[in-house]
Amino acid sequence: MKRFVKAWRLFPLIALLAFASVPASAAPYDGYNYSWRGEAEPAPVPYLPGKQIGGDLLPSGPFSSPEDLFIAPDNRIYVADTGNNRIVRMDEDAEETLVIDSFVNNGKEDAFASPQGVFVDKNGRLFVADTGNKRIVELTEDGEFVRAIGAPESDVLGDSFVYEPIKLVLDSAGRMYVVGKGVFNGIMQFDSGGSFTGFMGVNNVRYSAADLFWKRVMTREQRSKMVLFIPVEFNNVDIDGEGFVYATTNEAFSNAPVKRLNPSGTDVLKRTGYHPPKGDVVFRLNGTRPGTSAIVSVALDRNGIYSILDHTRGRIFTYDREGKLMYVYGLLGEQLGTFKTPADIDMLGDKMVVLDKGLNRLVMFEPTRYGQVIRDAVFYNDTGEEEKSVAKWREALRLNSNLEIAYLGIGKAELRQGNNYAAMKHFELGMHREYYSRAFERYRKDFMWEHFGKIAGGAIGAVLLLAAARLLAGRKATTEPGALGMAWYTMFHPFKGFWELKFEKKGKIWFALLLLLLLSLLYVLKRQFTGFIFNPNVDADSVNLLDEVKFIVLPFLLWCVANWSLTTLMDGEGKFKEIVTAAAYALLPVILMQIPLILLSNVITLQEGSFYRLLESAGFAWFFALLFVGMLTVHQYTVGKTIATMLLTLLVMGIVIFLGLLFFSLAQQMLSFLATIYKEAMFRIGEG
């Protein structure tokens with residue numbers, strides 16, 4: 001009893017310790033992640049603000065419009081304090097250790113002018129992009145001057161070239177990569193001696209089809225007044241341990257705002273996620289903080305993980321080495337953990353450090369349990385430690401069951417261990433068809449070896465059954481084919497078949513409508529039972545029969561009505577009933593292809609998809625050929641007139657759809673207006 005009383009007294013302390021960590025709900029922003037559909041789904045917060053460093057914590061005083069942040073391998077933090085014309089160095093606890101605001105250059109006092117970039121190499125040498133002085137300054141670890149690298153000299157640079165370095169990095173060989181303000185030719189390269197060697201990684205010029213059209217038709221004088229088509233400039237740069245340069249651009253609607261450049265300047269960044277690494281997938285075009293994400297910085301983590309900073313909404317997006325989104329956090333604001341003008345980010349161990357130019361401070365973010373579990377899972381996945389990786393991914397799923405990347409991670413681990421069927425199930429849950437195809441290929445191979453006798457026997461039996469059925473059908477004497485036989489005959493003998501449908505009245509309208517209904521039902525089956533690799537509809541259980549039927553029946557009827565309306569004005573001999581019958585009989589190849597397509601989709605891989613697409617294309621090509629012959633025969637047109645009327649029929653269908661949408665829009669507005677009048681009248685009557 002005494003032990004129970006002591007335990008009860010300790011309960012408040014135990015509860016306090018249990019909830020000592022900050023819950024995700026206390027974050028100044030909501031967590032979310034993007035599904036494969038591109039929908040923002042709620043998710044736990046992966047990082048929470050832990051500490052901020054401003055002027056009140058620094059002996060040298062506050063920052064002034066800082067532009068760049070760099071964290072050296074020894075965890076020292078360097079800040080390019082642009083407005084104060086200095087470089088500030090701190091230790092990993094954010095305690096100031098060095099301020100460089102001047103140095104001796106050839107016996108004279110020298111200083112920075114609006115430095116916007118800072119980098120520390122493997123030897124501890126400090127490189128500063130002294131933007132205002134148009135040079136790169138190299139200093140020792142203690143801030144002593146070593147050399148200055150001025151503007152590049154080359155014949156490829158025009159007289160109008162202005163050299164204003166803003167960001168820079170160095171590789172292990174001492175080669176320097178510099179981002180210049182207003183430089184559209186790419187990233188400038190300098191050798192270890194400081195000599196300019198050329199540009200790398202120039203961005204492609206983007207323009208719309210309309211711009212290209214007007215440029216073609218305008219005169220030379222008009223073209224000279226147009227906005228020039230020039231590449232987008234880089235705005236930041238970083239480098240990984242393998243010597244690959246990561247560069248970012250602030251380009252609207254770009255799918256590649258971050259690039260991983262090899263020594264030849266080719267972008268080798270992997271983009272195998274559901275969406276390319278570009279920040280927000282869904283955004284508003286007007287209102288508060290509209291537009292696409294404006295990427296201004298990239299921070300490199302271990303095992304290929306990297307994060308990008310969005311200036312538009314203050315978000316940080318973290319991806320693995322394959323370009324799959326891991327998590328999102330951050331927001332614009334003025335409270336702890338939010339930003340006013342985020343300028344740069346970098347990693348301090350497992351912490352994220354953000355430089356806020358607008359509020360003149362650094363903010364350190366620490367991973368939550370959710371964020372740490374995902375990072376660990378990606379690390380273990382990358383190093384091949386499957387058991388640890390699976391354990392971490394399962395823990396992440398307990399925290400967020402909508403985390404599709406977790407299913408993918410478990411599937412990859414199962415695939416490495418040879419558990420192909422389990423890997424297929426997880427890849428399907430993770431909505432990743434490429435990896436599913438790999439697992440299915442291995443599973444199919446094992447299945448074929450284990451059941452080869454049964455499969456071979458079944459195939460031989462099917463061939464014998466088909467041969468027997470053909471033999472019996474050949475012996476059966478029929479003087480007059482039925483409705484099905486006539487449809488089959490028309491499919492292989494279209495000219496004679498459609499002639500008999502029209503002039504010998506062998507076409508049956510009830511059978512035509514039956515074919516239309518059969519096609520609708522087969523499309524429902526196709527959406528439900530097509531293999532995962534080739535099935536764009538993943539919600540097979542939520543298929544609505546009426547929704548599927550209307551996408552078959554309504555276009556069919558619209559074609560028939562539009563064609564009949566048009567051909568009555570163009571001396572067509574076809575009646576509406578004959579048009580419906582001919583169009584429905586032409587659908588037979590598409591109908592017959594559906595079952596083989598469903599079966600084929602469940603036994604082939606993604607690499608063998610050309611066979612699936614070939615069979616599907618053959619069915620539609622056959623249908624269009626039969627439809628052409630049917631319209632030609634029914635209306636007794638020439639080939640040219642048939643083609644013209646079919647194209648005009650499509651145009652009439654578009655006009656009918658437009659008028660229908662316009663009518664429903666006007667009807668909706670009228671009903672809304674009448675409803676408003678009714679409510680107002682009832683309100684006035686009530687007042688009276």
# chains A, B, ... in the order shown; residues from 1 in each chain; ligands from 1
>>> residues_around(residues="A:Ala43", least_positions_apart="6", cutoff="12 Å", atoms="only C-alpha atoms", output="PyMOL selection string")
chain A and resi 24-25+29-35+326-329+370-371+396-404
>>> write_last_selection(atoms="C-alpha atoms", output="short mmCIF file (atom, residue, chain, number, x, y, z; two decimals), in the first residue's frame")
data_model
loop_
_atom_site.label_atom_id
_atom_site.label_comp_id
_atom_site.auth_asym_id
_atom_site.auth_seq_id
_atom_site.Cartn_x
_atom_site.Cartn_y
_atom_site.Cartn_z
CA ALA A 24 3.37 18.92 -33.13
CA SER A 25 0.25 20.97 -32.44
CA TYR A 29 2.69 25.90 -38.89
CA ASP A 30 0.74 22.84 -40.00
CA GLY A 31 2.50 19.78 -41.32
CA TYR A 32 1.51 18.31 -44.66
CA ASN A 33 2.77 16.14 -47.46
CA TYR A 34 1.76 15.63 -51.09
CA SER A 35 0.15 12.40 -52.20
CA MET A 326 10.10 13.26 -47.34
CA TYR A 327 8.44 16.13 -45.47
CA VAL A 328 7.58 19.84 -45.51
CA TYR A 329 7.78 22.48 -42.77
CA TYR A 370 8.44 11.89 -36.87
CA GLY A 371 11.17 13.74 -38.77
CA ALA A 396 6.75 6.26 -39.43
CA LEU A 397 3.54 4.63 -40.66
CA ARG A 398 2.26 4.44 -37.11
CA LEU A 399 2.78 8.20 -36.89
CA ASN A 400 1.35 8.90 -40.36
CA SER A 401 -0.55 6.17 -42.17
CA ASN A 402 -0.74 8.35 -45.33
CA LEU A 403 3.04 8.39 -45.76
CA GLU A 404 3.33 6.74 -49.18
#
>>> residues_around(residues="stretch 582-585 of chain A", least_positions_apart="4", cutoff="9 Å", atoms="only C-alpha atoms", output="NGL selection string")
:A and (487-488 or 490-491 or 498 or 501-502 or 507 or 509 or 511-516 or 556 or 559-560 or 577-578 or 589 or 626-627 or 630-631 or 634)
>>> write_last_selection(atoms="N, CA, C and O atoms", output="short mmCIF file (atom, residue, chain, number, x, y, z; two decimals), in the first residue's frame")
data_model
loop_
_atom_site.label_atom_id
_atom_site.label_comp_id
_atom_site.auth_asym_id
_atom_site.auth_seq_id
_atom_site.Cartn_x
_atom_site.Cartn_y
_atom_site.Cartn_z
N ALA A 487 -22.52 -9.01 -87.32
CA ALA A 487 -21.53 -8.07 -86.78
C ALA A 487 -20.12 -8.60 -87.00
O ALA A 487 -19.20 -7.85 -87.37
N TRP A 488 -19.95 -9.90 -86.81
CA TRP A 488 -18.63 -10.52 -87.04
C TRP A 488 -18.24 -10.44 -88.51
O TRP A 488 -17.09 -10.14 -88.84
N THR A 490 -19.27 -8.20 -90.67
CA THR A 490 -19.01 -6.79 -91.02
C THR A 490 -17.62 -6.36 -90.58
O THR A 490 -16.97 -5.55 -91.24
N MET A 491 -17.15 -6.91 -89.48
CA MET A 491 -15.84 -6.52 -88.97
C MET A 491 -14.73 -6.92 -89.94
O MET A 491 -13.72 -6.21 -90.07
N PHE A 498 -21.54 -3.42 -94.32
CA PHE A 498 -22.33 -2.21 -94.11
C PHE A 498 -23.36 -2.00 -95.23
O PHE A 498 -24.42 -1.41 -95.00
N LEU A 501 -26.16 -4.08 -94.15
CA LEU A 501 -26.83 -3.47 -93.00
C LEU A 501 -27.80 -2.39 -93.44
O LEU A 501 -28.89 -2.24 -92.88
N LYS A 502 -27.42 -1.63 -94.47
CA LYS A 502 -28.26 -0.51 -94.90
C LYS A 502 -29.34 -0.95 -95.89
O LYS A 502 -30.54 -0.68 -95.67
N GLY A 507 -29.09 -5.02 -90.32
CA GLY A 507 -28.67 -4.42 -89.06
C GLY A 507 -29.82 -4.34 -88.08
O GLY A 507 -30.93 -3.96 -88.43
N ILE A 509 -31.21 -2.69 -84.59
CA ILE A 509 -30.99 -1.58 -83.68
C ILE A 509 -30.86 -2.07 -82.24
O ILE A 509 -30.07 -1.54 -81.45
N PHE A 511 -29.56 -4.87 -81.30
CA PHE A 511 -28.23 -5.43 -81.14
C PHE A 511 -27.18 -4.32 -81.05
O PHE A 511 -26.18 -4.46 -80.32
N ALA A 512 -27.41 -3.24 -81.80
CA ALA A 512 -26.49 -2.10 -81.74
C ALA A 512 -26.46 -1.51 -80.33
O ALA A 512 -25.39 -1.21 -79.78
N LEU A 513 -27.65 -1.35 -79.73
CA LEU A 513 -27.70 -0.82 -78.36
C LEU A 513 -27.11 -1.81 -77.37
O LEU A 513 -26.50 -1.41 -76.36
N LEU A 514 -27.27 -3.11 -77.64
CA LEU A 514 -26.67 -4.13 -76.78
C LEU A 514 -25.14 -4.04 -76.83
O LEU A 514 -24.47 -4.20 -75.80
N LEU A 515 -24.59 -3.82 -78.03
CA LEU A 515 -23.14 -3.64 -78.15
C LEU A 515 -22.66 -2.43 -77.36
O LEU A 515 -21.60 -2.46 -76.71
N LEU A 516 -23.43 -1.36 -77.41
CA LEU A 516 -23.07 -0.15 -76.67
C LEU A 516 -23.08 -0.41 -75.17
O LEU A 516 -22.16 0.01 -74.45
N PHE A 556 -21.19 8.68 -77.71
CA PHE A 556 -21.71 7.92 -78.85
C PHE A 556 -22.98 8.58 -79.40
O PHE A 556 -23.11 8.81 -80.61
N TRP A 559 -22.25 11.88 -81.08
CA TRP A 559 -21.72 11.69 -82.43
C TRP A 559 -22.85 11.41 -83.42
O TRP A 559 -22.89 12.00 -84.50
N CYS A 560 -23.74 10.53 -83.05
CA CYS A 560 -24.83 10.16 -83.96
C CYS A 560 -25.74 11.36 -84.25
O CYS A 560 -26.12 11.59 -85.41
N LYS A 577 -31.40 6.01 -87.51
CA LYS A 577 -31.31 4.62 -87.08
C LYS A 577 -30.13 3.93 -87.74
O LYS A 577 -29.41 3.15 -87.11
N GLU A 578 -29.90 4.20 -89.00
CA GLU A 578 -28.79 3.57 -89.73
C GLU A 578 -27.45 4.08 -89.22
O GLU A 578 -26.48 3.32 -89.15
N PRO A 589 -14.53 -4.23 -82.70
CA PRO A 589 -13.11 -4.49 -82.39
C PRO A 589 -12.69 -3.97 -81.02
O PRO A 589 -11.91 -4.62 -80.31
N LEU A 626 -13.53 1.04 -89.51
CA LEU A 626 -14.91 0.58 -89.70
C LEU A 626 -15.90 1.74 -89.66
O LEU A 626 -16.87 1.76 -90.44
N LEU A 627 -15.66 2.70 -88.76
CA LEU A 627 -16.56 3.85 -88.69
C LEU A 627 -16.51 4.65 -89.99
O LEU A 627 -17.56 5.11 -90.48
N GLY A 630 -18.37 2.68 -92.58
CA GLY A 630 -19.79 2.71 -92.27
C GLY A 630 -20.44 4.02 -92.65
O GLY A 630 -21.52 4.05 -93.26
N MET A 631 -19.78 5.15 -92.33
CA MET A 631 -20.34 6.45 -92.70
C MET A 631 -20.34 6.65 -94.22
O MET A 631 -21.28 7.23 -94.79
N VAL A 634 -23.30 4.33 -95.49
CA VAL A 634 -24.63 4.76 -95.06
C VAL A 634 -25.07 6.01 -95.79
O VAL A 634 -26.22 6.13 -96.24
#
>>> residues_around(residues="stretch 92-100 of chain A", least_positions_apart="2", cutoff="10 Å", atoms="only C-alpha atoms", output="JSON, numbers by chain")
{"A": [51, 52, 53, 54, 57, 58, 59, 60, 71, 72, 74, 75, 76, 77, 78, 79, 80, 81, 85, 86, 87, 88, 89, 90, 102, 103, 111, 112, 139, 141, 142, 143, 144, 348, 349, 362, 364]}
>>> write_last_selection(atoms="N, CA, C and O atoms", output="compact mmCIF listing (two decimals), in the first residue's frame")
# COMPACT_ATOMS: atom_id res chain seq x y z
N LYS A 51 15.82 27.21 -31.40
CA LYS A 51 16.61 28.35 -30.93
C LYS A 51 16.71 29.37 -32.03
O LYS A 51 16.76 29.02 -33.21
N GLN A 52 16.73 30.64 -31.67
CA GLN A 52 16.96 31.70 -32.65
C GLN A 52 18.10 32.58 -32.17
O GLN A 52 18.27 32.81 -30.97
N ILE A 53 18.90 33.05 -33.12
CA ILE A 53 20.07 33.87 -32.81
C ILE A 53 19.90 35.21 -33.49
O ILE A 53 19.87 35.31 -34.72
N GLY A 54 19.75 36.26 -32.70
CA GLY A 54 19.63 37.62 -33.22
C GLY A 54 20.67 38.53 -32.64
O GLY A 54 21.63 38.10 -31.98
N LEU A 57 21.84 38.47 -28.84
CA LEU A 57 22.68 37.39 -28.35
C LEU A 57 24.11 37.49 -28.85
O LEU A 57 24.95 36.66 -28.48
N LEU A 58 24.43 38.46 -29.68
CA LEU A 58 25.77 38.58 -30.27
C LEU A 58 26.50 39.78 -29.69
O LEU A 58 25.95 40.89 -29.65
N PRO A 59 27.74 39.60 -29.24
CA PRO A 59 28.51 40.74 -28.72
C PRO A 59 28.73 41.82 -29.78
O PRO A 59 28.82 43.01 -29.45
N SER A 60 28.79 41.43 -31.05
CA SER A 60 29.06 42.40 -32.12
C SER A 60 27.81 43.14 -32.56
O SER A 60 27.88 43.99 -33.45
N ILE A 71 27.85 26.39 -43.06
CA ILE A 71 28.25 25.62 -41.89
C ILE A 71 29.37 24.68 -42.31
O ILE A 71 29.18 23.82 -43.17
N ALA A 72 30.54 24.88 -41.74
CA ALA A 72 31.73 24.12 -42.09
C ALA A 72 31.66 22.71 -41.52
O ALA A 72 30.84 22.41 -40.65
N ASP A 74 33.46 21.34 -39.40
CA ASP A 74 33.69 21.34 -37.95
C ASP A 74 32.54 21.98 -37.19
O ASP A 74 32.67 22.29 -36.00
N ASN A 75 31.39 22.20 -37.88
CA ASN A 75 30.16 22.76 -37.30
C ASN A 75 30.27 24.23 -36.92
O ASN A 75 29.43 24.74 -36.19
N ARG A 76 31.28 24.92 -37.44
CA ARG A 76 31.32 26.36 -37.26
C ARG A 76 30.34 27.02 -38.24
O ARG A 76 30.22 26.60 -39.39
N ILE A 77 29.66 28.04 -37.76
CA ILE A 77 28.63 28.72 -38.54
C ILE A 77 29.18 30.05 -39.03
O ILE A 77 29.67 30.87 -38.23
N TYR A 78 29.12 30.27 -40.34
CA TYR A 78 29.58 31.52 -40.95
C TYR A 78 28.39 32.24 -41.57
O TYR A 78 27.59 31.62 -42.28
N VAL A 79 28.30 33.52 -41.33
CA VAL A 79 27.22 34.34 -41.85
C VAL A 79 27.81 35.53 -42.60
O VAL A 79 28.67 36.24 -42.07
N ALA A 80 27.35 35.70 -43.87
CA ALA A 80 27.72 36.90 -44.62
C ALA A 80 26.76 38.02 -44.22
O ALA A 80 25.64 38.09 -44.72
N ASP A 81 27.20 38.85 -43.28
CA ASP A 81 26.37 39.95 -42.76
C ASP A 81 26.48 41.13 -43.72
O ASP A 81 27.26 42.06 -43.51
N ASN A 85 28.71 44.72 -43.77
CA ASN A 85 29.98 44.54 -44.49
C ASN A 85 30.98 43.71 -43.70
O ASN A 85 32.14 44.10 -43.50
N ARG A 86 30.53 42.54 -43.24
CA ARG A 86 31.40 41.70 -42.41
C ARG A 86 31.02 40.24 -42.53
O ARG A 86 29.95 39.90 -43.04
N ILE A 87 31.91 39.39 -42.02
CA ILE A 87 31.66 37.96 -41.90
C ILE A 87 31.69 37.63 -40.41
O ILE A 87 32.65 37.98 -39.71
N VAL A 88 30.64 36.95 -39.94
CA VAL A 88 30.54 36.58 -38.53
C VAL A 88 30.65 35.07 -38.42
O VAL A 88 29.96 34.33 -39.13
N ARG A 89 31.54 34.63 -37.51
CA ARG A 89 31.71 33.20 -37.27
C ARG A 89 31.24 32.85 -35.86
O ARG A 89 31.53 33.58 -34.90
N MET A 90 30.49 31.74 -35.76
CA MET A 90 30.00 31.25 -34.47
C MET A 90 30.31 29.77 -34.36
O MET A 90 30.51 29.08 -35.35
N SER A 102 37.45 43.75 -41.57
CA SER A 102 38.55 44.39 -42.30
C SER A 102 39.74 43.45 -42.30
O SER A 102 39.80 42.48 -41.53
N PHE A 103 40.70 43.71 -43.17
CA PHE A 103 41.91 42.91 -43.27
C PHE A 103 42.97 43.74 -43.96
O PHE A 103 42.69 44.79 -44.56
N ALA A 111 38.53 46.33 -46.75
CA ALA A 111 37.26 45.91 -46.14
C ALA A 111 36.33 45.38 -47.23
O ALA A 111 36.54 45.59 -48.43
N PHE A 112 35.30 44.71 -46.77
CA PHE A 112 34.29 44.19 -47.69
C PHE A 112 33.29 45.27 -48.05
O PHE A 112 33.13 46.26 -47.32
N LEU A 139 40.77 34.26 -47.42
CA LEU A 139 41.35 34.57 -46.13
C LEU A 139 41.75 33.29 -45.42
O LEU A 139 41.24 32.21 -45.73
N GLU A 141 42.04 30.97 -41.82
CA GLU A 141 41.05 30.65 -40.80
C GLU A 141 40.89 31.78 -39.79
O GLU A 141 39.81 31.99 -39.24
N ASP A 142 41.97 32.55 -39.57
CA ASP A 142 41.93 33.65 -38.60
C ASP A 142 41.58 34.98 -39.24
O ASP A 142 41.62 36.02 -38.56
N GLY A 143 41.29 34.98 -40.53
CA GLY A 143 40.87 36.21 -41.18
C GLY A 143 41.98 37.02 -41.82
O GLY A 143 41.78 38.19 -42.15
N GLU A 144 43.16 36.41 -42.02
CA GLU A 144 44.26 37.12 -42.67
C GLU A 144 44.14 36.99 -44.18
O GLU A 144 43.82 35.92 -44.70
N LEU A 348 23.20 21.57 -39.74
CA LEU A 348 24.12 21.48 -38.62
C LEU A 348 23.85 20.15 -37.94
O LEU A 348 23.03 20.06 -37.02
N GLY A 349 24.52 19.10 -38.41
CA GLY A 349 24.21 17.77 -37.94
C GLY A 349 22.83 17.37 -38.44
O GLY A 349 22.56 17.37 -39.64
N LEU A 362 19.11 34.02 -37.15
CA LEU A 362 19.20 32.61 -37.50
C LEU A 362 18.20 31.85 -36.66
O LEU A 362 17.99 32.16 -35.48
N MET A 364 17.26 27.88 -35.57
CA MET A 364 17.65 26.47 -35.59
C MET A 364 16.42 25.60 -35.38
O MET A 364 15.65 25.81 -34.44
>>> closest_residue(among="A:Gly497, A:Gly411, A:Gly323, A:Gly150", to="A:Gly193", atoms="only C-alpha atoms")
A:Gly150
>>> residues_around(residues="stretch 590-600 of chain A", least_positions_apart="4", cutoff="8 Å", atoms="only C-alpha atoms", output="PyMOL selection string")
chain A and resi 515+518-519+522-523+526+529-531+604+612+615-616+619-620+622-623
>>> write_last_selection(atoms="all heavy atoms", output="short mmCIF file (atom, residue, chain, number, x, y, z; two decimals), in the first residue's frame")
data_model
loop_
_atom_site.label_atom_id
_atom_site.label_comp_id
_atom_site.auth_asym_id
_atom_site.auth_seq_id
_atom_site.Cartn_x
_atom_site.Cartn_y
_atom_site.Cartn_z
N LEU A 515 -24.59 -3.82 -78.03
CA LEU A 515 -23.14 -3.64 -78.15
C LEU A 515 -22.66 -2.43 -77.36
O LEU A 515 -21.60 -2.46 -76.71
CB LEU A 515 -22.76 -3.50 -79.62
CG LEU A 515 -22.86 -4.75 -80.50
CD1 LEU A 515 -22.54 -4.39 -81.95
CD2 LEU A 515 -21.91 -5.83 -80.01
N LEU A 518 -22.72 -3.36 -73.74
CA LEU A 518 -21.64 -4.31 -73.46
C LEU A 518 -20.30 -3.59 -73.35
O LEU A 518 -19.49 -3.90 -72.46
CB LEU A 518 -21.60 -5.37 -74.56
CG LEU A 518 -20.51 -6.45 -74.42
CD1 LEU A 518 -20.70 -7.22 -73.12
CD2 LEU A 518 -20.52 -7.39 -75.62
N LEU A 519 -20.05 -2.62 -74.22
CA LEU A 519 -18.81 -1.85 -74.14
C LEU A 519 -18.73 -1.08 -72.83
O LEU A 519 -17.65 -1.01 -72.21
CB LEU A 519 -18.72 -0.90 -75.34
CG LEU A 519 -17.46 -0.01 -75.39
CD1 LEU A 519 -16.21 -0.87 -75.51
CD2 LEU A 519 -17.53 0.96 -76.56
N LEU A 522 -17.85 -3.52 -70.09
CA LEU A 522 -16.45 -3.95 -70.19
C LEU A 522 -15.50 -2.88 -69.71
O LEU A 522 -14.45 -3.18 -69.13
CB LEU A 522 -16.14 -4.34 -71.64
CG LEU A 522 -16.72 -5.68 -72.12
CD1 LEU A 522 -16.48 -5.87 -73.61
CD2 LEU A 522 -16.12 -6.84 -71.33
N TYR A 523 -15.84 -1.61 -69.94
CA TYR A 523 -14.98 -0.53 -69.44
C TYR A 523 -15.02 -0.46 -67.92
O TYR A 523 -14.03 -0.10 -67.28
CB TYR A 523 -15.39 0.80 -70.07
CG TYR A 523 -14.48 1.19 -71.21
CD1 TYR A 523 -14.70 0.71 -72.49
CD2 TYR A 523 -13.38 2.01 -71.00
CE1 TYR A 523 -13.87 1.04 -73.54
CE2 TYR A 523 -12.53 2.34 -72.04
CZ TYR A 523 -12.78 1.86 -73.31
OH TYR A 523 -11.94 2.19 -74.34
N LYS A 526 -12.76 -3.16 -66.94
CA LYS A 526 -11.39 -2.77 -67.23
C LYS A 526 -10.82 -1.87 -66.14
O LYS A 526 -9.68 -2.02 -65.72
CB LYS A 526 -11.33 -2.07 -68.59
CG LYS A 526 -9.93 -1.69 -69.04
CD LYS A 526 -9.96 -1.04 -70.41
CE LYS A 526 -8.55 -0.67 -70.86
NZ LYS A 526 -8.55 -0.01 -72.18
N PHE A 529 -10.30 -4.31 -62.99
CA PHE A 529 -9.45 -5.49 -63.03
C PHE A 529 -8.19 -5.35 -63.87
O PHE A 529 -7.43 -6.31 -64.00
CB PHE A 529 -10.27 -6.70 -63.52
CG PHE A 529 -11.41 -7.05 -62.62
CD1 PHE A 529 -12.71 -6.78 -63.00
CD2 PHE A 529 -11.17 -7.61 -61.38
CE1 PHE A 529 -13.78 -7.09 -62.16
CE2 PHE A 529 -12.23 -7.92 -60.53
CZ PHE A 529 -13.53 -7.65 -60.92
N THR A 530 -7.97 -4.19 -64.47
CA THR A 530 -6.69 -3.97 -65.16
C THR A 530 -5.56 -4.01 -64.15
O THR A 530 -5.70 -3.53 -63.02
CB THR A 530 -6.71 -2.62 -65.89
OG1 THR A 530 -7.68 -2.66 -66.94
CG2 THR A 530 -5.35 -2.32 -66.52
N GLY A 531 -4.44 -4.58 -64.53
CA GLY A 531 -3.30 -4.68 -63.62
C GLY A 531 -2.84 -3.33 -63.12
O GLY A 531 -2.98 -2.30 -63.79
N ILE A 604 2.11 -8.78 -67.70
CA ILE A 604 3.29 -8.16 -68.30
C ILE A 604 3.82 -7.06 -67.39
O ILE A 604 3.11 -6.55 -66.51
CB ILE A 604 3.00 -7.59 -69.71
CG1 ILE A 604 1.94 -6.47 -69.64
CG2 ILE A 604 2.57 -8.68 -70.66
CD1 ILE A 604 1.70 -5.78 -70.96
N TYR A 612 0.92 -4.03 -74.78
CA TYR A 612 -0.40 -3.60 -74.32
C TYR A 612 -0.89 -2.41 -75.15
O TYR A 612 -2.03 -2.39 -75.63
CB TYR A 612 -0.31 -3.22 -72.84
CG TYR A 612 -1.61 -2.74 -72.23
CD1 TYR A 612 -2.52 -3.63 -71.69
CD2 TYR A 612 -1.91 -1.38 -72.18
CE1 TYR A 612 -3.70 -3.20 -71.12
CE2 TYR A 612 -3.09 -0.94 -71.62
CZ TYR A 612 -3.99 -1.85 -71.09
OH TYR A 612 -5.16 -1.41 -70.53
N LEU A 615 -1.77 -3.46 -78.79
CA LEU A 615 -3.07 -4.13 -78.90
C LEU A 615 -4.22 -3.12 -78.76
O LEU A 615 -5.19 -3.17 -79.50
CB LEU A 615 -3.18 -5.21 -77.83
CG LEU A 615 -4.46 -6.07 -77.85
CD1 LEU A 615 -4.59 -6.80 -79.18
CD2 LEU A 615 -4.45 -7.06 -76.69
N GLU A 616 -4.07 -2.21 -77.82
CA GLU A 616 -5.11 -1.19 -77.62
C GLU A 616 -5.21 -0.28 -78.84
O GLU A 616 -6.32 0.05 -79.29
CB GLU A 616 -4.79 -0.38 -76.37
CG GLU A 616 -5.90 0.56 -75.93
CD GLU A 616 -5.57 1.23 -74.62
OE1 GLU A 616 -4.37 1.55 -74.39
OE2 GLU A 616 -6.49 1.43 -73.80
N GLY A 619 -6.99 -2.00 -81.77
CA GLY A 619 -8.44 -2.02 -81.62
C GLY A 619 -9.08 -0.70 -82.02
O GLY A 619 -10.10 -0.68 -82.73
N PHE A 620 -8.49 0.42 -81.59
CA PHE A 620 -9.05 1.72 -81.93
C PHE A 620 -8.86 2.05 -83.41
O PHE A 620 -9.73 2.67 -84.03
CB PHE A 620 -8.43 2.81 -81.05
CG PHE A 620 -9.05 2.90 -79.69
CD1 PHE A 620 -8.40 2.39 -78.58
CD2 PHE A 620 -10.29 3.48 -79.52
CE1 PHE A 620 -8.97 2.46 -77.32
CE2 PHE A 620 -10.88 3.57 -78.27
CZ PHE A 620 -10.22 3.04 -77.16
N TRP A 622 -8.79 -0.11 -85.84
CA TRP A 622 -9.79 -0.93 -86.53
C TRP A 622 -11.17 -0.28 -86.43
O TRP A 622 -11.94 -0.24 -87.39
CB TRP A 622 -9.80 -2.33 -85.92
CG TRP A 622 -10.35 -3.39 -86.82
CD1 TRP A 622 -11.14 -3.23 -87.92
CD2 TRP A 622 -10.15 -4.80 -86.68
NE1 TRP A 622 -11.45 -4.42 -88.49
CE2 TRP A 622 -10.86 -5.42 -87.74
CE3 TRP A 622 -9.45 -5.60 -85.77
CZ2 TRP A 622 -10.88 -6.81 -87.90
CZ3 TRP A 622 -9.47 -6.97 -85.93
CH2 TRP A 622 -10.17 -7.57 -86.98
N PHE A 623 -11.47 0.24 -85.24
CA PHE A 623 -12.76 0.91 -85.03
C PHE A 623 -12.91 2.12 -85.94
O PHE A 623 -13.95 2.31 -86.59
CB PHE A 623 -12.89 1.31 -83.56
CG PHE A 623 -13.87 2.44 -83.32
CD1 PHE A 623 -15.23 2.26 -83.51
CD2 PHE A 623 -13.41 3.68 -82.94
CE1 PHE A 623 -16.13 3.31 -83.30
CE2 PHE A 623 -14.29 4.73 -82.73
CZ PHE A 623 -15.65 4.54 -82.91
#
>>> atom_distance(atom1="atom CA of A:Ile149", atom2="atom CA of A:Phe196")
9.8 Å
>>> select_by_dssp(residues="stretch 91-306 of chain A", states="helix (DSSP H, G or I)", output="ChimeraX atom specification")
/A:131-133,209-217,220-224,302-304
>>> closest_residue(among="A:Tyr47, A:Lys270, A:Ala40, A:Lys324", to="A:Glu366", atoms="only C-alpha atoms")
A:Tyr47
>>> residues_around(residues="A:Pro49", least_positions_apart="5", cutoff="12 Å", atoms="only C-alpha atoms", output="list in words")
Val22, Pro23, Ala24, Ala26, Ala27, Pro28, Tyr29, Tyr329, Gly330, Leu331, Gln335, Leu336, Gly337, Thr338, Phe339, Lys351, Met352, Val353, Val354, Leu362, Val363, Met364, Phe365, Glu366, Pro367 and Thr368 of chain A
